[in-house]
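run_9.cif (mmCIF, C-alpha atoms) appears below.
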```
data_model
#
loop_
_atom_site.label_atom_id
_atom_site.label_comp_id
_atom_site.auth_asym_id
_atom_site.auth_seq_id
_atom_site.Cartn_x
_atom_site.Cartn_y
_atom_site.Cartn_z
CA MET A 1 20.98 -9.17 9.53
CA TRP A 2 20.09 -12.84 10.02
CA LYS A 3 17.00 -11.90 12.02
CA ARG A 4 15.90 -9.55 9.23
CA LEU A 5 16.56 -12.19 6.58
CA PHE A 6 14.66 -14.90 8.46
CA SER A 7 11.72 -12.56 9.08
CA GLY A 8 11.73 -11.62 5.38
CA ILE A 9 11.55 -15.28 4.33
CA ILE A 10 8.64 -15.92 6.71
CA LEU A 11 6.89 -12.81 5.43
CA ILE A 12 7.22 -13.89 1.80
CA ALA A 13 6.00 -17.39 2.66
CA LEU A 14 2.91 -15.94 4.35
CA MET A 15 2.25 -13.67 1.37
CA VAL A 16 2.37 -16.62 -1.01
CA ALA A 17 0.06 -18.62 1.28
CA PHE A 18 -2.54 -15.83 1.24
CA ILE A 19 -2.21 -14.44 -2.28
CA VAL A 20 -2.02 -17.65 -4.32
CA PRO A 21 -5.42 -19.03 -3.21
CA GLY A 22 -6.88 -15.51 -3.01
CA GLY A 23 -10.60 -15.27 -2.25
CA LYS A 24 -11.75 -15.23 1.36
CA LEU A 25 -8.27 -16.05 2.68
CA LEU A 26 -6.65 -13.03 1.03
CA TRP A 27 -9.62 -10.86 2.01
CA ALA A 28 -9.22 -11.86 5.66
CA GLY A 29 -5.45 -11.43 5.51
CA THR A 30 -5.67 -7.95 3.99
CA LEU A 31 -8.28 -6.97 6.57
CA ALA A 32 -5.99 -8.13 9.38
CA LEU A 33 -3.06 -6.27 7.83
CA SER A 34 -5.16 -3.09 7.62
CA VAL A 35 -6.34 -3.29 11.23
CA ILE A 36 -2.79 -3.84 12.49
CA GLY A 37 -1.46 -1.00 10.35
CA LEU A 38 -4.27 1.25 11.56
CA PHE A 39 -3.45 0.36 15.17
CA GLU A 40 0.20 1.32 14.56
CA LEU A 41 -0.76 4.67 13.07
CA TYR A 42 -3.31 5.39 15.79
CA ARG A 43 -0.76 4.54 18.46
CA VAL A 44 1.56 7.19 17.06
CA GLU A 45 -1.35 9.64 17.31
CA LYS A 46 -2.25 8.31 20.80
CA ILE A 47 -5.81 7.31 19.89
CA HIS A 48 -5.26 3.55 19.54
CA ASN A 49 -7.14 2.72 22.74
CA LYS A 50 -9.68 5.54 22.70
CA GLY A 51 -13.11 6.14 21.21
CA LEU A 52 -11.77 7.55 17.95
CA GLY A 53 -9.62 4.48 17.50
CA VAL A 54 -12.58 2.16 18.06
CA VAL A 55 -14.55 4.03 15.38
CA GLY A 56 -11.62 3.56 13.01
CA TYR A 57 -11.29 -0.18 13.64
CA LEU A 58 -15.02 -0.81 13.28
CA SER A 59 -15.34 1.24 10.10
CA THR A 60 -12.42 -0.67 8.58
CA VAL A 61 -14.16 -3.98 9.28
CA VAL A 62 -17.43 -2.69 7.80
CA TYR A 63 -15.59 -1.34 4.73
CA TYR A 64 -13.99 -4.73 4.08
CA ILE A 65 -17.33 -6.48 4.44
CA MET A 66 -18.76 -4.10 1.85
CA LEU A 67 -15.74 -4.73 -0.37
CA PHE A 68 -16.28 -8.47 -0.14
CA LEU A 69 -19.98 -8.12 -0.98
CA TYR A 70 -19.77 -5.49 -3.72
CA GLY A 71 -16.25 -5.77 -5.09
CA GLY A 72 -14.16 -2.81 -6.24
CA SER A 73 -16.25 -0.92 -8.77
CA ALA A 74 -19.80 -2.19 -8.29
CA GLY A 75 -20.14 -0.61 -4.90
CA SER A 76 -18.02 2.51 -5.45
CA ASN A 77 -20.92 4.90 -4.78
CA ILE A 78 -21.80 3.03 -1.62
CA HIS A 79 -18.18 3.28 -0.48
CA VAL A 80 -18.17 7.05 -0.94
CA ILE A 81 -21.41 7.44 1.01
CA PHE A 82 -20.03 5.11 3.68
CA PHE A 83 -16.90 7.18 4.26
CA VAL A 84 -18.94 10.37 4.39
CA GLY A 85 -20.85 8.64 7.19
CA VAL A 86 -17.59 7.64 8.89
CA LEU A 87 -16.44 11.27 8.81
CA ILE A 88 -19.73 12.37 10.38
CA VAL A 89 -19.35 9.78 13.16
CA ILE A 90 -15.75 10.83 13.82
CA MET A 91 -16.74 14.49 13.98
CA SER A 92 -19.62 13.58 16.29
CA VAL A 93 -17.20 11.90 18.68
CA TYR A 94 -15.00 14.99 18.47
CA VAL A 95 -17.69 17.55 19.28
CA PHE A 96 -19.59 15.56 21.91
CA THR A 97 -16.41 14.70 23.85
CA PHE A 98 -14.71 18.06 23.36
CA PRO A 99 -11.96 18.81 24.36
CA THR A 100 -10.85 15.18 24.75
CA TYR A 101 -9.19 15.12 21.31
CA ASN A 102 -7.21 17.71 19.41
CA THR A 103 -7.77 18.48 15.74
CA GLU A 104 -4.73 16.48 14.58
CA GLN A 105 -6.03 13.33 16.27
CA VAL A 106 -9.47 13.76 14.70
CA MET A 107 -8.05 14.26 11.22
CA SER A 108 -5.70 11.30 11.71
CA ALA A 109 -8.62 9.07 12.68
CA PHE A 110 -10.20 9.67 9.27
CA PHE A 111 -6.92 9.91 7.38
CA GLY A 112 -5.97 6.45 8.62
CA GLN A 113 -9.05 4.96 6.96
CA ILE A 114 -7.87 6.09 3.54
CA TYR A 115 -4.12 5.86 4.05
CA VAL A 116 -4.11 2.36 5.53
CA SER A 117 -7.42 0.54 5.13
CA VAL A 118 -8.54 1.68 1.68
CA MET A 119 -5.13 1.81 0.02
CA LEU A 120 -4.09 -1.63 1.29
CA SER A 121 -7.43 -3.05 0.13
CA TYR A 122 -6.24 -2.61 -3.45
CA ILE A 123 -4.10 -5.71 -2.98
CA TYR A 124 -7.33 -7.70 -2.70
CA MET A 125 -9.06 -5.67 -5.42
CA THR A 126 -6.21 -6.31 -7.86
CA ARG A 127 -6.28 -10.01 -7.05
CA ILE A 128 -10.01 -10.36 -7.89
CA GLN A 129 -9.59 -8.83 -11.36
CA THR A 130 -9.35 -10.92 -14.52
CA GLY A 131 -5.82 -12.31 -14.47
CA GLY A 132 -5.45 -11.06 -10.90
CA ALA A 133 -3.54 -14.17 -9.82
CA PHE A 134 -0.61 -12.83 -11.87
CA LEU A 135 -1.35 -9.08 -11.85
CA VAL A 136 -1.23 -8.84 -8.05
CA TRP A 137 2.47 -9.75 -7.95
CA LEU A 138 3.27 -6.58 -9.91
CA ILE A 139 2.49 -4.64 -6.73
CA PHE A 140 5.31 -6.30 -4.83
CA LEU A 141 7.61 -6.56 -7.83
CA SER A 142 7.50 -2.79 -8.40
CA SER A 143 7.58 -1.94 -4.69
CA TRP A 144 10.17 -4.28 -3.21
CA GLY A 145 11.96 -4.83 -6.54
CA SER A 146 12.53 -1.09 -6.91
CA ASP A 147 13.80 -0.92 -3.31
CA THR A 148 16.42 -3.58 -4.06
CA CYS A 149 17.50 -1.96 -7.32
CA ALA A 150 17.59 1.49 -5.71
CA TYR A 151 19.78 0.16 -2.89
CA CYS A 152 22.26 -1.45 -5.28
CA VAL A 153 22.48 1.55 -7.63
CA GLY A 154 22.63 3.97 -4.70
CA MET A 155 25.49 2.07 -3.09
CA LEU A 156 27.46 2.10 -6.34
CA PHE A 157 26.69 5.51 -7.82
CA GLY A 158 24.71 7.50 -5.26
CA LYS A 159 26.02 11.06 -4.79
CA HIS A 160 23.04 13.42 -4.65
CA LYS A 161 20.78 13.12 -1.60
CA MET A 162 17.10 12.91 -2.49
CA SER A 163 15.63 13.79 0.92
CA PRO A 164 18.46 14.23 3.44
CA LYS A 165 16.25 15.06 6.42
CA LEU A 166 13.80 12.18 5.96
CA SER A 167 16.08 9.48 4.58
CA PRO A 168 19.77 10.46 4.41
CA LYS A 169 20.82 7.24 2.70
CA LYS A 170 18.49 7.61 -0.30
CA SER A 171 19.98 9.21 -3.39
CA VAL A 172 18.62 10.57 -6.66
CA GLU A 173 20.74 8.06 -8.54
CA GLY A 174 19.32 5.23 -6.44
CA ALA A 175 15.76 6.39 -7.11
CA VAL A 176 16.36 6.50 -10.86
CA GLY A 177 17.96 3.06 -10.72
CA GLY A 178 15.05 1.72 -8.68
CA VAL A 179 12.44 2.94 -11.15
CA ALA A 180 14.41 1.72 -14.17
CA GLY A 181 15.14 -1.61 -12.49
CA ALA A 182 11.48 -2.13 -11.62
CA ALA A 183 10.46 -1.41 -15.21
CA ALA A 184 13.00 -3.98 -16.42
CA LEU A 185 11.73 -6.55 -13.91
CA GLY A 186 8.18 -5.84 -15.08
CA ALA A 187 9.14 -6.40 -18.71
CA LEU A 188 10.82 -9.69 -17.76
CA TYR A 189 7.79 -10.76 -15.71
CA GLY A 190 5.43 -9.90 -18.57
CA THR A 191 7.55 -11.88 -21.00
CA ILE A 192 7.72 -14.98 -18.78
CA PHE A 193 4.00 -14.99 -17.96
CA ALA A 194 2.73 -13.58 -21.26
CA ASN A 195 0.24 -16.40 -21.82
CA GLN A 196 -1.30 -15.97 -18.38
CA LEU A 197 -1.48 -12.17 -18.68
CA THR A 198 -2.84 -11.81 -22.21
CA ALA A 199 -6.46 -11.92 -21.05
CA ALA A 200 -5.82 -8.93 -18.76
CA LEU A 201 -3.14 -7.01 -20.67
CA PRO A 202 -2.97 -6.84 -24.49
CA HIS A 203 0.83 -6.36 -24.55
CA PRO A 204 2.12 -8.17 -21.44
CA ALA A 205 5.82 -7.26 -21.59
CA LEU A 206 5.30 -3.59 -22.44
CA ASP A 207 2.28 -3.18 -20.18
CA CYS A 208 4.02 -4.78 -17.19
CA ALA A 209 7.04 -2.53 -17.76
CA ILE A 210 4.76 0.53 -17.72
CA ILE A 211 2.86 -0.71 -14.65
CA CYS A 212 6.05 -1.36 -12.68
CA PHE A 213 7.52 1.96 -13.79
CA VAL A 214 4.50 3.81 -12.42
CA GLY A 215 4.42 1.68 -9.28
CA ALA A 216 8.12 2.19 -8.55
CA PHE A 217 7.83 5.94 -9.05
CA ILE A 218 4.88 6.15 -6.64
CA SER A 219 6.65 3.87 -4.15
CA ILE A 220 9.22 6.62 -3.52
CA VAL A 221 6.44 8.85 -2.18
CA GLY A 222 5.01 6.02 -0.08
CA ASP A 223 8.35 5.24 1.50
CA LEU A 224 9.11 8.86 2.35
CA ALA A 225 5.55 9.57 3.54
CA ALA A 226 5.77 6.85 6.19
CA SER A 227 9.18 8.17 7.24
CA ALA A 228 7.83 11.72 7.47
CA ILE A 229 5.05 10.67 9.84
CA LYS A 230 7.56 8.84 12.05
CA ARG A 231 10.00 11.73 12.10
CA ASP A 232 7.19 14.17 12.86
CA HIS A 233 6.30 12.15 15.97
CA GLY A 234 9.83 11.19 16.98
CA VAL A 235 9.53 7.41 16.58
CA LYS A 236 11.98 5.03 14.90
CA ASP A 237 9.57 2.22 13.96
CA TYR A 238 5.80 1.91 14.05
CA SER A 239 6.12 -1.31 16.04
CA ASN A 240 8.39 -4.35 16.49
CA LEU A 241 5.85 -6.84 15.09
CA ILE A 242 8.21 -8.04 12.34
CA PRO A 243 11.72 -8.63 13.81
CA GLY A 244 14.34 -6.67 11.90
CA HIS A 245 11.72 -4.83 9.83
CA GLY A 246 9.53 -2.97 12.33
CA GLY A 247 5.79 -2.93 11.94
CA VAL A 248 3.29 -3.34 9.14
CA LEU A 249 3.60 0.32 8.17
CA ASP A 250 7.40 0.03 8.14
CA ARG A 251 7.40 -2.98 5.83
CA TYR A 252 4.40 -2.05 3.67
CA ASP A 253 5.01 1.71 3.52
CA SER A 254 5.59 1.75 -0.24
CA VAL A 255 3.06 -1.05 -0.94
CA ILE A 256 0.33 1.16 0.55
CA PHE A 257 0.85 3.67 -2.27
CA VAL A 258 1.80 1.20 -4.98
CA ALA A 259 -1.30 -1.04 -4.70
CA PRO A 260 -3.86 1.60 -5.80
CA ALA A 261 -1.40 2.98 -8.37
CA ILE A 262 -1.03 -0.46 -9.95
CA TYR A 263 -4.79 -1.00 -9.93
CA ALA A 264 -5.39 2.36 -11.61
CA THR A 265 -2.65 1.84 -14.21
CA ILE A 266 -4.05 -1.56 -15.18
CA TYR A 267 -7.49 0.04 -15.55
CA LEU A 268 -6.13 2.82 -17.77
CA LEU A 269 -4.19 0.40 -19.95
CA ASN A 270 -7.31 -1.69 -20.47
CA ASN A 271 -9.77 1.15 -20.98
CA GLY A 272 -7.65 4.00 -22.33
CA ILE A 273 -7.58 7.58 -21.14
CA ALA A 274 -9.98 8.66 -23.92
CA ASN A 275 -12.62 6.17 -22.77
CA LEU A 276 -12.09 7.24 -19.17
CA ILE A 277 -12.72 10.91 -20.04
CA ARG A 278 -15.88 10.02 -21.95
#
```

The structure in this file should be written as structure tokens.
Amino acid sequence: MWKRLFSGIILIALMVAFIVPGGKLLWAGTLALSVIGLFELYRVEKIHNKGLGVVGYLSTVVYYIMLFLYGGSAGSNIHVIFFVGVLIVIMSVYVFTFPTYNTEQVMSAFFGQIYVSVMLSYIYMTRIQTGGAFLVWLIFLSSWGSDTCAYCVGMLFGKHKMSPKLSPKKSVEGAVGGVAGAAALGALYGTIFANQLTAALPHPALDCAIICFVGAFISIVGDLAASAIKRDHGVKDYSNLIPGHGGVLDRYDSVIFVAPAIYATIYLLNNGIANLIR
């Protein structure tokens, strides 16, 4: 417990050190986080030290360079074309080295680009938005805040198992408590930092509650998805990089899903669904 607590404190301190200044430091930190997470996933698939893995690492670096140069939306078309190119390269490695890799490894090589590299990059993309210095914390508030609330509610009232084979300790009651608790934390956060958030969100308290509600709901899928991959391959943790927590994918499993969900929800709140459809 003490090892886990100490590691958690160090982790939070590092997050603050990277996120508060933002810019190049956060970009580099998110890139490093993505490469490590990709390595952990590729190791489960046994391609971490093979040609497919090298393609994945290099394409992640190139993607982040493009992200730094073009930002989130300005280069969206370029990003799509880029990942089409990545898929072609991966398939080229597959066919010209056949039968070195099986189909699952090939699909995982590309899947990892989206699941780890792209989805984690939304931490940086949220930070570079207007008001991003305060918006970015909603990712962790809804992800880790919902985990804490879900744990407390589940311990007190949990009776109905949500996914007994993947995570026997998680309950439906805990999940509901986690989502509701995250929404309440979001409303509190929006109220406290209303002046700093007004430029990005017209109704800070309500908008932050909605954002954290969506993020917490999506975090359930992220948490269980990472567990499903581990169970499918018979591993307990992705790595032992973070003492008491496991690896990057163990600690950031829900953040991976929450980051793009938060980014999208902020966009919809600012632009409206009607404008998006038009």

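Taking atom CA of A:Ile47 as the reference point, atom CA of A:Gly234 is found at 16.4 Å.
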
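With all atoms listed in the file as the atoms that count, the residue of A:Phe111, A:Lys236, A:Gly51, A:Ile210 with the shortest distance to A:Ser92 is A:Gly51.
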
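The spacing separating atom CA of A:Asn102 from atom CA of A:Gly37 amounts to 21.6 Å.
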
d(atom CA of A:Cys208, atom CA of A:Thr148) in Å: 18.1 Å

May I have a table of the residues of stretch 113-195 of chain A lying at most 7 Å from stretch 259-264 of chain A, giving each one's closest pair of atoms and their distance in Å to one decimal, counting all atoms listed in the file, ordered by chain and ascending residue number, as a tab-separated table?
```
residue	atom	partner	partner_atom	distance
A:Met119	CA	A:Pro260	CA	6.0
A:Leu120	CA	A:Ala259	CA	6.6
A:Tyr122	CA	A:Ala259	CA	5.3
A:Ile123	CA	A:Ala259	CA	5.7
A:Thr126	CA	A:Tyr263	CA	5.9
A:Ile139	CA	A:Ala259	CA	5.6
```

Residues selected by the PyMOL selection byres ((chain A and resi 205) around 7), written as a ChimeraX atom specification: /A:187-188,190-191,203-204,206-209

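Counting all atoms listed in the file, A:Gly22 has the following residues at most 8 Å away, ignoring those fewer than 6 positions along the same chain: Tyr124, Arg127, Ile128 and Ala133 of chain A.
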
Residues within 12 Å of (-16.6, 11.0, 21.4), counting all atoms listed in the file, listed as a list in words: Ile47, Lys50, Gly51, Leu52, Gly53, Val54, Val55, Ile88, Val89, Ile90, Met91, Ser92, Val93, Tyr94, Val95, Phe96, Thr97, Phe98, Pro99, Thr100, Tyr101, Asn102, Gln105, Val106 and Ala109 of chain A
